[in-house]
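Next comes input25.tsv, with TSV, C-alpha atoms.
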```tsv
chain	number	residue	atom	x	y	z
O	261	MET	CA	-23.76	-0.49	-27.75
O	262	SER	CA	-20.28	-1.03	-29.12
O	263	ARG	CA	-17.92	-3.40	-27.41
O	264	HIS	CA	-14.40	-2.31	-26.59
O	265	LEU	CA	-11.36	-4.50	-26.90
O	266	LEU	CA	-9.16	-4.68	-23.81
O	267	LEU	CA	-5.96	-6.64	-23.35
O	268	ILE	CA	-5.80	-8.35	-19.96
O	269	ALA	CA	-2.02	-8.24	-19.64
O	270	THR	CA	-1.48	-11.45	-17.73
O	271	SER	CA	-0.90	-15.07	-18.53
O	272	ASN	CA	-1.72	-16.19	-14.97
O	273	PRO	CA	-4.88	-18.31	-15.33
O	274	GLY	CA	-5.97	-17.58	-11.74
O	275	LYS	CA	-5.87	-13.82	-12.28
O	276	LEU	CA	-7.56	-14.13	-15.67
O	277	ARG	CA	-10.44	-16.10	-14.18
O	278	GLU	CA	-11.04	-13.55	-11.46
O	279	ILE	CA	-10.77	-10.55	-13.78
O	280	GLU	CA	-13.13	-12.01	-16.38
O	281	ALA	CA	-15.66	-12.92	-13.68
O	282	VAL	CA	-15.82	-9.33	-12.40
O	283	PHE	CA	-15.97	-7.90	-15.93
O	284	ALA	CA	-18.68	-10.29	-17.14
O	285	GLY	CA	-21.68	-8.37	-18.44
O	286	PHE	CA	-19.73	-5.24	-19.36
O	287	PRO	CA	-19.43	-4.31	-23.03
O	288	LEU	CA	-15.83	-5.46	-23.33
O	289	HIS	CA	-14.04	-8.02	-25.46
O	290	PHE	CA	-10.86	-9.45	-24.02
O	291	GLU	CA	-7.55	-10.67	-25.24
O	292	ASP	CA	-4.82	-11.90	-22.93
O	293	LEU	CA	-1.13	-12.65	-23.19
O	294	ARG	CA	-1.73	-16.22	-24.32
O	295	GLN	CA	-2.57	-14.64	-27.70
O	296	TYR	CA	0.91	-13.04	-27.77
O	297	PRO	CA	3.26	-15.95	-27.03
O	298	ASP	CA	6.27	-14.30	-28.68
O	299	LEU	CA	6.07	-11.05	-26.74
O	300	PRO	CA	8.98	-10.71	-24.26
O	301	ALA	CA	7.68	-10.36	-20.69
O	302	ALA	CA	7.63	-6.88	-19.17
O	303	VAL	CA	10.33	-6.04	-16.64
O	304	GLU	CA	8.86	-5.98	-13.11
O	305	ASP	CA	11.64	-4.38	-11.10
O	306	ALA	CA	9.79	-1.67	-9.15
O	307	ASP	CA	9.48	-1.49	-5.37
O	308	THR	CA	5.68	-1.19	-5.31
O	309	PHE	CA	2.72	-3.03	-6.80
O	310	MET	CA	1.40	0.19	-8.34
O	311	ALA	CA	4.66	1.05	-10.09
O	312	ASN	CA	4.96	-2.49	-11.46
O	313	ALA	CA	1.35	-2.48	-12.67
O	314	GLU	CA	1.96	0.84	-14.44
O	315	LYS	CA	5.10	-0.47	-16.11
O	316	LYS	CA	3.30	-3.56	-17.34
O	317	ALA	CA	0.22	-1.70	-18.57
O	318	LEU	CA	2.28	0.87	-20.50
O	319	TYR	CA	4.57	-1.80	-21.96
O	320	TYR	CA	1.84	-4.16	-23.18
O	321	ALA	CA	-0.28	-1.30	-24.52
O	322	LYS	CA	2.71	-0.16	-26.54
O	323	GLN	CA	3.58	-3.65	-27.77
O	324	THR	CA	0.06	-4.60	-28.82
O	325	GLY	CA	-1.55	-1.26	-29.73
O	326	LEU	CA	-4.51	-2.20	-27.48
O	327	PRO	CA	-5.68	-0.63	-24.24
O	328	ALA	CA	-4.06	-2.89	-21.64
O	329	LEU	CA	-5.02	-3.78	-18.09
O	330	ALA	CA	-2.21	-4.97	-15.82
O	331	ASP	CA	-2.48	-6.40	-12.32
O	332	ASP	CA	0.39	-6.49	-9.88
O	333	SER	CA	-0.42	-8.11	-6.61
O	334	GLY	CA	1.03	-10.08	-3.75
O	335	LEU	CA	1.25	-10.87	-0.09
O	336	GLU	CA	2.80	-8.71	2.64
O	337	VAL	CA	3.55	-10.48	5.92
O	338	ASP	CA	4.24	-7.96	8.67
O	339	CYS	CA	6.53	-10.12	10.83
O	340	LEU	CA	8.63	-10.83	7.72
O	341	GLY	CA	9.17	-7.12	7.16
O	342	GLY	CA	6.55	-7.04	4.41
O	343	ARG	CA	7.98	-9.96	2.41
O	344	PRO	CA	7.32	-11.54	-0.04
O	345	GLY	CA	5.75	-8.27	-1.30
O	346	VAL	CA	6.51	-7.44	-4.93
O	347	HIS	CA	8.47	-10.71	-5.11
O	348	SER	CA	5.41	-12.83	-4.22
O	349	ALA	CA	5.19	-14.70	-7.53
O	350	ARG	CA	8.91	-15.57	-7.56
O	351	PHE	CA	9.56	-15.82	-3.82
O	352	ALA	CA	11.17	-19.27	-4.07
O	353	GLY	CA	12.98	-18.47	-7.32
O	354	ARG	CA	10.86	-19.65	-10.23
O	355	HIS	CA	8.04	-17.31	-11.35
O	356	GLY	CA	4.60	-18.67	-10.51
O	357	ASP	CA	5.67	-21.81	-8.62
O	358	ASP	CA	2.85	-21.61	-6.05
O	359	GLN	CA	3.84	-24.73	-4.17
O	360	ALA	CA	7.50	-23.78	-3.70
O	361	ASN	CA	6.49	-20.23	-2.70
O	362	ASN	CA	4.10	-21.55	-0.05
O	363	VAL	CA	6.69	-23.98	1.33
O	364	LYS	CA	9.22	-21.17	1.67
O	365	LEU	CA	6.69	-18.89	3.36
O	366	ILE	CA	5.67	-21.47	5.96
O	367	GLU	CA	9.28	-22.41	6.65
O	368	LEU	CA	10.20	-18.78	7.27
O	369	LEU	CA	7.31	-18.34	9.70
O	370	GLY	CA	8.54	-21.30	11.78
O	371	ASN	CA	7.13	-21.10	15.29
O	372	VAL	CA	5.68	-17.60	15.06
O	373	PRO	CA	2.29	-17.77	16.86
O	374	LEU	CA	-0.86	-17.25	14.79
O	375	ASP	CA	-1.73	-13.81	16.17
O	376	GLU	CA	1.65	-12.47	15.04
O	377	ARG	CA	1.19	-13.75	11.49
O	378	ARG	CA	-0.69	-10.71	10.26
O	379	ALA	CA	-0.63	-10.31	6.50
O	380	ARG	CA	-2.49	-8.69	3.66
O	381	PHE	CA	-3.00	-9.32	-0.02
O	382	ARG	CA	-2.55	-6.14	-1.99
O	383	CYS	CA	-3.56	-5.60	-5.63
O	384	ALA	CA	-2.76	-2.67	-7.92
O	385	ILE	CA	-4.43	-2.40	-11.31
O	386	VAL	CA	-3.54	0.03	-14.07
O	387	VAL	CA	-5.14	0.49	-17.48
O	388	ALA	CA	-3.04	2.24	-20.12
O	389	ASP	CA	-3.46	3.12	-23.78
O	390	HIS	CA	-1.05	4.80	-26.21
O	391	GLY	CA	1.48	5.80	-23.57
O	392	THR	CA	-1.16	7.23	-21.23
O	393	VAL	CA	-2.45	5.84	-17.94
O	394	LEU	CA	-6.26	5.86	-18.13
O	395	ALA	CA	-7.06	4.56	-14.65
O	396	ARG	CA	-5.43	3.17	-11.53
O	397	ALA	CA	-6.91	1.41	-8.50
O	398	GLU	CA	-5.87	-0.52	-5.42
O	399	GLY	CA	-7.43	-3.06	-3.08
O	400	THR	CA	-6.35	-4.90	0.07
O	401	ILE	CA	-7.62	-7.70	2.28
O	402	GLU	CA	-6.29	-8.48	5.77
O	403	GLY	CA	-5.61	-11.97	7.09
O	404	LEU	CA	-3.40	-14.39	9.03
O	405	ILE	CA	-1.05	-17.03	7.61
O	406	ILE	CA	-1.76	-20.61	8.68
O	407	ASP	CA	0.64	-23.55	8.37
O	408	GLU	CA	-1.74	-26.14	6.93
O	409	PRO	CA	-3.18	-25.35	3.49
O	410	ARG	CA	-6.99	-25.36	3.31
O	411	GLY	CA	-9.25	-25.19	0.26
O	412	GLU	CA	-9.03	-25.89	-3.44
O	413	ASN	CA	-10.10	-22.58	-4.98
O	414	GLY	CA	-8.05	-19.51	-5.76
O	415	PHE	CA	-4.32	-19.76	-6.44
O	416	GLY	CA	-0.98	-18.57	-5.08
O	417	TYR	CA	-0.95	-18.13	-1.31
O	418	ASP	CA	-4.75	-18.49	-0.98
O	419	PRO	CA	-4.71	-21.88	0.85
O	420	HIS	CA	-2.62	-20.34	3.68
O	421	PHE	CA	-4.45	-16.99	3.90
O	422	LEU	CA	-7.06	-17.10	6.66
O	423	VAL	CA	-9.75	-14.39	6.76
O	424	PRO	CA	-10.37	-14.25	10.53
O	425	ASP	CA	-13.96	-12.98	10.38
O	426	LEU	CA	-14.96	-15.86	8.11
O	427	GLY	CA	-12.81	-18.59	9.67
O	428	LYS	CA	-11.92	-19.63	6.11
O	429	THR	CA	-8.98	-19.26	3.80
O	430	THR	CA	-9.49	-17.44	0.52
O	431	ALA	CA	-9.01	-20.86	-1.15
O	432	GLU	CA	-12.09	-22.13	0.74
O	433	LEU	CA	-14.34	-19.38	-0.58
O	434	ALA	CA	-16.50	-19.79	-3.67
O	435	PRO	CA	-14.96	-17.70	-6.48
O	436	GLU	CA	-17.78	-15.15	-6.42
O	437	HIS	CA	-17.40	-14.79	-2.64
O	438	LYS	CA	-13.65	-14.28	-2.92
O	439	ASN	CA	-14.14	-11.65	-5.62
O	440	ARG	CA	-16.67	-9.79	-3.45
O	441	ILE	CA	-14.16	-9.25	-0.63
O	442	SER	CA	-10.72	-9.73	-2.14
O	443	HIS	CA	-7.98	-7.23	-2.91
O	444	ARG	CA	-8.40	-7.96	-6.65
O	445	GLY	CA	-12.18	-7.74	-6.59
O	446	GLN	CA	-12.05	-4.33	-4.90
O	447	ALA	CA	-9.45	-2.99	-7.32
O	448	LEU	CA	-11.37	-4.32	-10.34
O	449	ARG	CA	-14.62	-2.69	-9.27
O	450	SER	CA	-12.83	0.64	-8.80
O	451	ILE	CA	-11.27	0.32	-12.24
O	452	LEU	CA	-14.67	-0.44	-13.77
O	453	ASP	CA	-16.07	2.73	-12.24
O	454	ALA	CA	-13.28	4.70	-13.90
O	455	LEU	CA	-13.44	2.86	-17.22
O	456	GLY	CA	-17.19	3.39	-17.48
O	457	HIS	CA	-16.63	7.08	-18.14
O	458	ILE	CA	-13.75	6.47	-20.52
O	459	PHE	CA	-15.37	3.78	-22.61
O	460	ALA	CA	-18.67	5.66	-22.73
O	461	ARG	CA	-17.02	8.44	-24.73
W	8	MET	CA	-13.91	10.02	32.25
W	9	SER	CA	-10.38	8.75	32.82
W	10	ARG	CA	-7.60	9.83	30.51
W	11	HIS	CA	-5.31	7.26	28.96
W	12	LEU	CA	-1.60	7.75	28.46
W	13	LEU	CA	-0.32	7.06	24.95
W	14	LEU	CA	3.23	7.32	23.67
W	15	ILE	CA	3.41	8.94	20.24
W	16	ALA	CA	6.51	7.10	19.09
W	17	THR	CA	8.05	9.79	16.94
W	18	SER	CA	10.43	12.68	17.38
W	19	ASN	CA	9.43	14.25	14.06
W	20	PRO	CA	7.81	17.58	14.98
W	21	GLY	CA	5.73	17.64	11.78
W	22	LYS	CA	4.18	14.25	12.48
W	23	LEU	CA	3.63	15.12	16.14
W	24	ARG	CA	1.76	18.29	15.22
W	25	GLU	CA	-0.56	16.47	12.84
W	26	ILE	CA	-1.20	13.57	15.23
W	27	GLU	CA	-1.95	15.82	18.19
W	28	ALA	CA	-4.31	17.95	16.09
W	29	VAL	CA	-6.42	14.93	15.08
W	30	PHE	CA	-6.41	13.53	18.63
W	31	ALA	CA	-7.34	16.83	20.27
W	32	GLY	CA	-10.51	16.47	22.32
W	33	PHE	CA	-10.09	12.76	22.96
W	34	PRO	CA	-9.45	11.57	26.52
W	35	LEU	CA	-5.77	10.91	25.95
W	36	HIS	CA	-2.57	12.19	27.48
W	37	PHE	CA	0.50	12.04	25.26
W	38	GLU	CA	4.17	11.50	25.65
W	39	ASP	CA	6.57	11.44	22.72
W	40	LEU	CA	10.14	10.37	22.10
W	41	ARG	CA	11.55	13.74	23.14
W	42	GLN	CA	10.86	12.55	26.71
W	43	TYR	CA	13.09	9.50	26.08
W	44	PRO	CA	16.28	11.01	24.67
W	45	ASP	CA	18.45	8.05	25.70
W	46	LEU	CA	16.34	5.39	24.01
W	47	PRO	CA	18.11	3.89	20.97
W	48	ALA	CA	16.04	4.37	17.81
W	49	ALA	CA	14.03	1.41	16.55
W	50	VAL	CA	15.39	-0.44	13.53
W	51	GLU	CA	13.31	0.40	10.42
W	52	ASP	CA	14.49	-2.20	7.93
W	53	ALA	CA	11.21	-3.61	6.62
W	54	ASP	CA	10.00	-3.40	3.01
W	55	THR	CA	6.60	-1.90	3.83
W	56	PHE	CA	5.27	1.02	5.83
W	57	MET	CA	2.97	-1.29	7.80
W	58	ALA	CA	5.75	-3.68	8.83
W	59	ASN	CA	7.97	-0.76	9.90
W	60	ALA	CA	5.15	0.84	11.88
W	61	GLU	CA	4.51	-2.46	13.64
W	62	LYS	CA	8.20	-2.88	14.50
W	63	LYS	CA	8.38	0.61	15.93
W	64	ALA	CA	5.14	0.34	17.92
W	65	LEU	CA	6.13	-3.00	19.47
W	66	TYR	CA	9.67	-1.80	20.24
W	67	TYR	CA	8.72	1.49	21.89
W	68	ALA	CA	5.85	-0.12	23.84
W	69	LYS	CA	8.33	-2.63	25.20
W	70	GLN	CA	10.99	-0.03	26.00
W	71	THR	CA	8.65	2.39	27.76
W	72	GLY	CA	5.93	0.16	29.19
W	73	LEU	CA	3.33	2.48	27.61
W	74	PRO	CA	0.86	1.83	24.81
W	75	ALA	CA	2.73	3.22	21.81
W	76	LEU	CA	1.51	4.64	18.50
W	77	ALA	CA	3.98	4.52	15.60
W	78	ASP	CA	3.63	6.11	12.17
W	79	ASP	CA	5.59	4.99	9.16
W	80	SER	CA	4.91	6.97	6.06
W	81	GLY	CA	6.43	8.22	2.86
W	82	LEU	CA	6.17	9.01	-0.80
W	83	GLU	CA	5.87	6.53	-3.68
W	84	VAL	CA	6.62	7.94	-7.15
W	85	ASP	CA	5.40	5.54	-9.84
W	86	CYS	CA	7.89	6.50	-12.57
W	87	LEU	CA	10.72	5.97	-10.05
W	88	GLY	CA	9.56	2.42	-9.41
W	89	GLY	CA	7.91	3.43	-6.14
W	90	ARG	CA	10.93	5.20	-4.69
W	91	PRO	CA	11.66	6.77	-2.24
W	92	GLY	CA	9.07	4.54	-0.50
W	93	VAL	CA	10.15	3.26	2.91
W	94	HIS	CA	13.39	5.21	2.47
W	95	SER	CA	11.57	8.55	2.17
W	96	ALA	CA	13.00	10.11	5.34
W	97	ARG	CA	16.57	9.15	4.49
W	98	PHE	CA	16.44	9.29	0.69
W	99	ALA	CA	19.47	11.57	0.39
W	100	GLY	CA	21.39	9.84	3.19
W	101	ARG	CA	20.76	11.71	6.43
W	102	HIS	CA	17.50	10.88	8.26
W	103	GLY	CA	15.00	13.73	8.15
W	104	ASP	CA	16.96	16.12	5.89
W	105	ASP	CA	13.89	17.39	4.03
W	106	GLN	CA	15.77	19.80	1.81
W	107	ALA	CA	18.35	17.26	0.59
W	108	ASN	CA	15.61	14.68	0.04
W	109	ASN	CA	13.60	17.10	-2.09
W	110	VAL	CA	16.63	18.12	-4.13
W	111	LYS	CA	17.42	14.48	-4.86
W	112	LEU	CA	13.81	13.75	-5.83
W	113	ILE	CA	13.55	16.65	-8.26
W	114	GLU	CA	16.93	15.83	-9.81
W	115	LEU	CA	15.88	12.24	-10.40
W	116	LEU	CA	12.65	13.34	-12.10
W	117	GLY	CA	14.63	15.49	-14.56
W	118	ASN	CA	12.55	16.18	-17.66
W	119	VAL	CA	9.72	13.75	-16.91
W	120	PRO	CA	6.49	15.59	-17.90
W	121	LEU	CA	4.03	16.48	-15.16
W	122	ASP	CA	1.36	13.93	-16.12
W	123	GLU	CA	3.87	11.09	-15.70
W	124	ARG	CA	4.88	12.24	-12.21
W	125	ARG	CA	2.12	10.36	-10.43
W	126	ALA	CA	2.84	9.77	-6.75
W	127	ARG	CA	1.13	9.05	-3.49
W	128	PHE	CA	1.80	9.63	0.17
W	129	ARG	CA	1.14	6.50	2.16
W	130	CYS	CA	0.84	6.28	5.94
W	131	ALA	CA	0.66	3.20	8.16
W	132	ILE	CA	-0.14	3.55	11.85
W	133	VAL	CA	0.11	0.82	14.47
W	134	VAL	CA	-0.73	0.97	18.18
W	135	ALA	CA	0.85	-1.71	20.38
W	136	ASP	CA	0.90	-2.49	24.08
W	137	HIS	CA	2.73	-5.24	25.99
W	138	GLY	CA	3.83	-7.15	22.92
W	139	THR	CA	0.37	-7.03	21.31
W	140	VAL	CA	-0.82	-5.03	18.32
W	141	LEU	CA	-4.05	-3.27	19.36
W	142	ALA	CA	-4.88	-1.54	16.08
W	143	ARG	CA	-3.57	-0.90	12.60
W	144	ALA	CA	-4.67	1.52	9.89
W	145	GLU	CA	-3.57	2.90	6.55
W	146	GLY	CA	-4.23	6.00	4.48
W	147	THR	CA	-3.15	7.29	1.07
W	148	ILE	CA	-3.43	10.48	-0.96
W	149	GLU	CA	-2.71	10.76	-4.68
W	150	GLY	CA	-0.79	13.58	-6.32
W	151	LEU	CA	1.80	14.80	-8.83
W	152	ILE	CA	5.36	15.94	-8.13
W	153	ILE	CA	6.19	19.52	-9.20
W	154	ASP	CA	9.70	20.97	-9.61
W	155	GLU	CA	9.19	24.28	-7.81
W	156	PRO	CA	8.34	24.05	-4.11
W	157	ARG	CA	5.14	25.84	-3.08
W	158	GLY	CA	3.80	26.58	0.41
W	159	GLU	CA	5.15	26.87	3.92
W	160	ASN	CA	3.01	24.37	5.84
W	161	GLY	CA	3.53	20.64	6.30
W	162	PHE	CA	6.98	19.08	6.12
W	163	GLY	CA	8.97	16.56	4.12
W	164	TYR	CA	7.95	16.37	0.47
W	165	ASP	CA	4.79	18.48	0.96
W	166	PRO	CA	6.00	21.55	-1.01
W	167	HIS	CA	6.44	19.38	-4.13
W	168	PHE	CA	3.25	17.29	-3.74
W	169	LEU	CA	0.47	18.76	-5.87
W	170	VAL	CA	-3.12	17.64	-5.22
W	171	PRO	CA	-4.56	18.02	-8.73
W	172	ASP	CA	-8.20	18.57	-7.73
W	173	LEU	CA	-7.19	21.44	-5.44
W	174	GLY	CA	-4.43	22.93	-7.58
W	175	LYS	CA	-2.39	23.24	-4.39
W	176	THR	CA	0.48	21.41	-2.77
W	177	THR	CA	-0.08	19.85	0.64
W	178	ALA	CA	2.29	22.55	1.95
W	179	GLU	CA	-0.15	25.22	0.74
W	180	LEU	CA	-3.08	23.76	2.68
W	181	ALA	CA	-4.04	24.96	6.15
W	182	PRO	CA	-3.07	22.24	8.66
W	183	GLU	CA	-6.69	21.30	9.37
W	184	HIS	CA	-7.39	21.03	5.63
W	185	LYS	CA	-4.33	18.82	5.08
W	186	ASN	CA	-5.39	16.57	7.98
W	187	ARG	CA	-8.90	16.23	6.52
W	188	ILE	CA	-7.64	14.74	3.26
W	189	SER	CA	-4.14	13.47	3.94
W	190	HIS	CA	-2.79	9.93	4.22
W	191	ARG	CA	-1.97	10.56	7.89
W	192	GLY	CA	-5.33	12.15	8.70
W	193	GLN	CA	-7.18	9.17	7.22
W	194	ALA	CA	-5.05	6.64	9.07
W	195	LEU	CA	-5.38	8.54	12.35
W	196	ARG	CA	-9.17	8.68	12.13
W	197	SER	CA	-9.30	4.93	11.46
W	198	ILE	CA	-7.05	4.29	14.46
W	199	LEU	CA	-9.24	6.47	16.66
W	200	ASP	CA	-12.28	4.43	15.66
W	201	ALA	CA	-10.46	1.28	16.76
W	202	LEU	CA	-8.98	2.78	19.92
W	203	GLY	CA	-12.36	4.06	21.04
W	204	HIS	CA	-13.47	0.52	21.78
W	205	ILE	CA	-10.21	-0.45	23.41
W	206	PHE	CA	-9.86	2.55	25.68
W	207	ALA	CA	-13.53	2.41	26.63
W	208	ARG	CA	-13.00	-0.95	28.33
```
Target format structure tokens, applied to this file:
Amino acid sequence: MSRHLLLIATSNPGKLREIEAVFAGFPLHFEDLRQYPDLPAAVEDADTFMANAEKKALYYAKQTGLPALADDSGLEVDCLGGRPGVHSARFAGRHGDDQANNVKLIELLGNVPLDERRARFRCAIVVADHGTVLARAEGTIEGLIIDEPRGENGFGYDPHFLVPDLGKTTAELAPEHKNRISHRGQALRSILDALGHIFAR
Amino acid sequence: MSRHLLLIATSNPGKLREIEAVFAGFPLHFEDLRQYPDLPAAVEDADTFMANAEKKALYYAKQTGLPALADDSGLEVDCLGGRPGVHSARFAGRHGDDQANNVKLIELLGNVPLDERRARFRCAIVVADHGTVLARAEGTIEGLIIDEPRGENGFGYDPHFLVPDLGKTTAELAPEHKNRISHRGQALRSILDALGHIFAR
């Protein structure tokens, strides 16, 4: 069985870890953006996760000549009108500053009671090659935002994202448990279903 | 079996028709916003369909004292960065002007080839009562945007929304067929599942 080369178009170590864990055992070799340090970052100026993921996948596929998988994901808090949404990674200004983003989120929520802090993580994944979108998928997970961070796993807003049925934040879950239920895990499994047909050609 | 009174918090006749068709046969009586002509419209300024639906459901439940169901829905076109998105109903300026909205959409797409005109309808539905959210649900349907309108059913962007597997726009589908597969039909069936437990109390 031949192995296909796929660019995981992210330099976020948390996303990389989760993607590689779901894809383990499939006949794929990976590169990621750490192997392309001189490549200018893709512009992420769309209003939706799916449109941003598509932009990134098409851009990195074109720049590298490889089939590229891009993930755009984030947190929507209903009582904040859906913010931080597509701005999740740069909510407090600097891209990927998890701590500052979490501080800003909890400050904004102020005295809002827990049952009005409904939120969801949303993940859109697109795989593109040579100017063509090969597959797209989405996943979501519902939760509540808590003031005090809990747990050491995951990344981003995970320590503040409580899954009510489990009584745990997504940062308190073992990585394989998070991937089984998370927005990204769902989207990745859907993408694998689609890629199976494509890469089997 | 007692019948429960539910406010369908919309004055859009297309949405009302689809909601009432899915809810037919359930022990519910409906009112809608046409019975409250003096009520100021809810503010819809959130970034997501879900957050707007929640705002509307909470607002109209408070204003009327009834359990209220609100729908926020629209079209996301990937190559337009997700637009018109939450601005779907007022894309061309005036709320609910389907024809002007469609003209603007097709103009913006210009010479983009069909296979790059990926889009989805997204629908969020929230039911609230006395300041509390009772249930929330989402649905999506994927399609492609075509230049020439086709079909007389549906409303909004339906005549330009091609469902590739069917070779038909959602405006060419019989209403019951559209409801079986549409974003709104999916969300409504999920809400009914949740309401069944609540209204059975």
At what distance in Å, to one decimal, does CA of Gly334 in chain O lie from CA of Ser348 in chain O?
->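 Between CA of Ser348 in chain O and CA of Gly334 in chain O the gap works out to 5.2 Å.
Taking only C-alpha atoms into account, chain O lies nearest to W:Asp52 out of the set W:Glu179, W:Asp52, W:Asp136, W:Asp79.
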Give one line per residue of chain O that approaches chain W to at most 9 Å, naming the two atoms of the closest pair and their distance in Å to one decimal, counting all atoms listed in the file; sort by chain then ascending residue number and deliver it as JSON lines.
```
{"residue": "O:Asp305", "atom": "CA", "partner": "W:Gly88", "partner_atom": "CA", "distance": 7.3}
{"residue": "O:Ala306", "atom": "CA", "partner": "W:Gly88", "partner_atom": "CA", "distance": 4.1}
{"residue": "O:Asp307", "atom": "CA", "partner": "W:Gly89", "partner_atom": "CA", "distance": 5.2}
{"residue": "O:Thr308", "atom": "CA", "partner": "W:Gly89", "partner_atom": "CA", "distance": 5.2}
{"residue": "O:Phe309", "atom": "CA", "partner": "W:Gly89", "partner_atom": "CA", "distance": 8.3}
{"residue": "O:Met310", "atom": "CA", "partner": "W:Asp85", "partner_atom": "CA", "distance": 6.8}
{"residue": "O:Ala311", "atom": "CA", "partner": "W:Asp85", "partner_atom": "CA", "distance": 4.6}
{"residue": "O:Asn312", "atom": "CA", "partner": "W:Gly88", "partner_atom": "CA", "distance": 7.0}
{"residue": "O:Glu314", "atom": "CA", "partner": "W:Asp85", "partner_atom": "CA", "distance": 7.4}
{"residue": "O:Lys315", "atom": "CA", "partner": "W:Cys86", "partner_atom": "CA", "distance": 8.3}
{"residue": "O:Glu336", "atom": "CA", "partner": "W:Thr55", "partner_atom": "CA", "distance": 7.9}
{"residue": "O:Val337", "atom": "CA", "partner": "W:Ala58", "partner_atom": "CA", "distance": 7.7}
{"residue": "O:Asp338", "atom": "CA", "partner": "W:Ala58", "partner_atom": "CA", "distance": 4.5}
{"residue": "O:Cys339", "atom": "CA", "partner": "W:Ala58", "partner_atom": "CA", "distance": 6.8}
{"residue": "O:Leu340", "atom": "CA", "partner": "W:Ala53", "partner_atom": "CA", "distance": 7.7}
{"residue": "O:Gly341", "atom": "CA", "partner": "W:Ala53", "partner_atom": "CA", "distance": 4.1}
{"residue": "O:Gly342", "atom": "CA", "partner": "W:Thr55", "partner_atom": "CA", "distance": 5.2}
{"residue": "O:Arg343", "atom": "CA", "partner": "W:Asp54", "partner_atom": "CA", "distance": 6.9}
{"residue": "O:Gly345", "atom": "CA", "partner": "W:Asp54", "partner_atom": "CA", "distance": 7.8}
{"residue": "O:Asp375", "atom": "CA", "partner": "W:Thr139", "partner_atom": "CA", "distance": 8.8}
{"residue": "O:Glu376", "atom": "CA", "partner": "W:Thr139", "partner_atom": "CA", "distance": 8.4}
{"residue": "O:Thr392", "atom": "CA", "partner": "W:Glu123", "partner_atom": "CA", "distance": 8.4}
{"residue": "O:Val393", "atom": "CA", "partner": "W:Glu123", "partner_atom": "CA", "distance": 8.5}
```
Find the distance between CA of Ala317 in chain O and CA of Leu151 in chain W and write it in Å to one decimal.
-> 19.2 Å
Dig up all the protein and nucleic acid residues within 8 Å of (8.6, 18.4, 20.9) in the file frame, using all atoms listed in the file, and format them as number ranges by chain.
-> W: 18, 20, 23, 39, 41
Using only C-alpha atoms, can you list as a PyMOL selection string the residues within 10 Å of (-12.2, -16.5, -4.1)?
-> chain O and resi 274+278+412-415+418+429-442+444-445
From the set W:Asp154, W:Gln106, W:Asp78, W:Arg101, which residue has the shortest atom-to-atom contact distance to Leu65 in chain W, counting all atoms listed in the file?
->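 Nearest candidate to Leu65 in chain W out of W:Asp154, W:Gln106, W:Asp78, W:Arg101: W:Asp78.
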Rounded to one decimal place, report the CA of Leu116 in chain W-CA of Arg129 in chain W distance in Å.
-> 19.6 Å
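Comparing the minimum interatomic distances between Glu291 in chain O and each of O:Lys428, O:His264, O:Lys316, O:Arg396, counting only C-alpha atoms, we find that O:His264 sits nearest.
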For Ala75 in chain W, work out the shell of residues within 9 Å, counting only C-alpha atoms and skipping chain neighbours fewer than 5 positions away, then give it as a list in words.
-> Leu13, Leu14, Ile15, Ala16, Lys63, Ala64, Leu65, Tyr66, Tyr67, Ala68, Lys69, Val133, Val134, Ala135 and Asp136 of chain W
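The shortest atom-to-atom distance to Arg449 in chain O, with only C-alpha atoms taken into account, belongs to O:Gly399 out of O:Gly416, O:Gly399, O:Pro424, O:Pro300.
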Tell me which of O:Ile406, O:Leu299, O:Val282, O:Cys383 sits closest to Ala330 in chain O, counting only C-alpha atoms.
-> O:Cys383
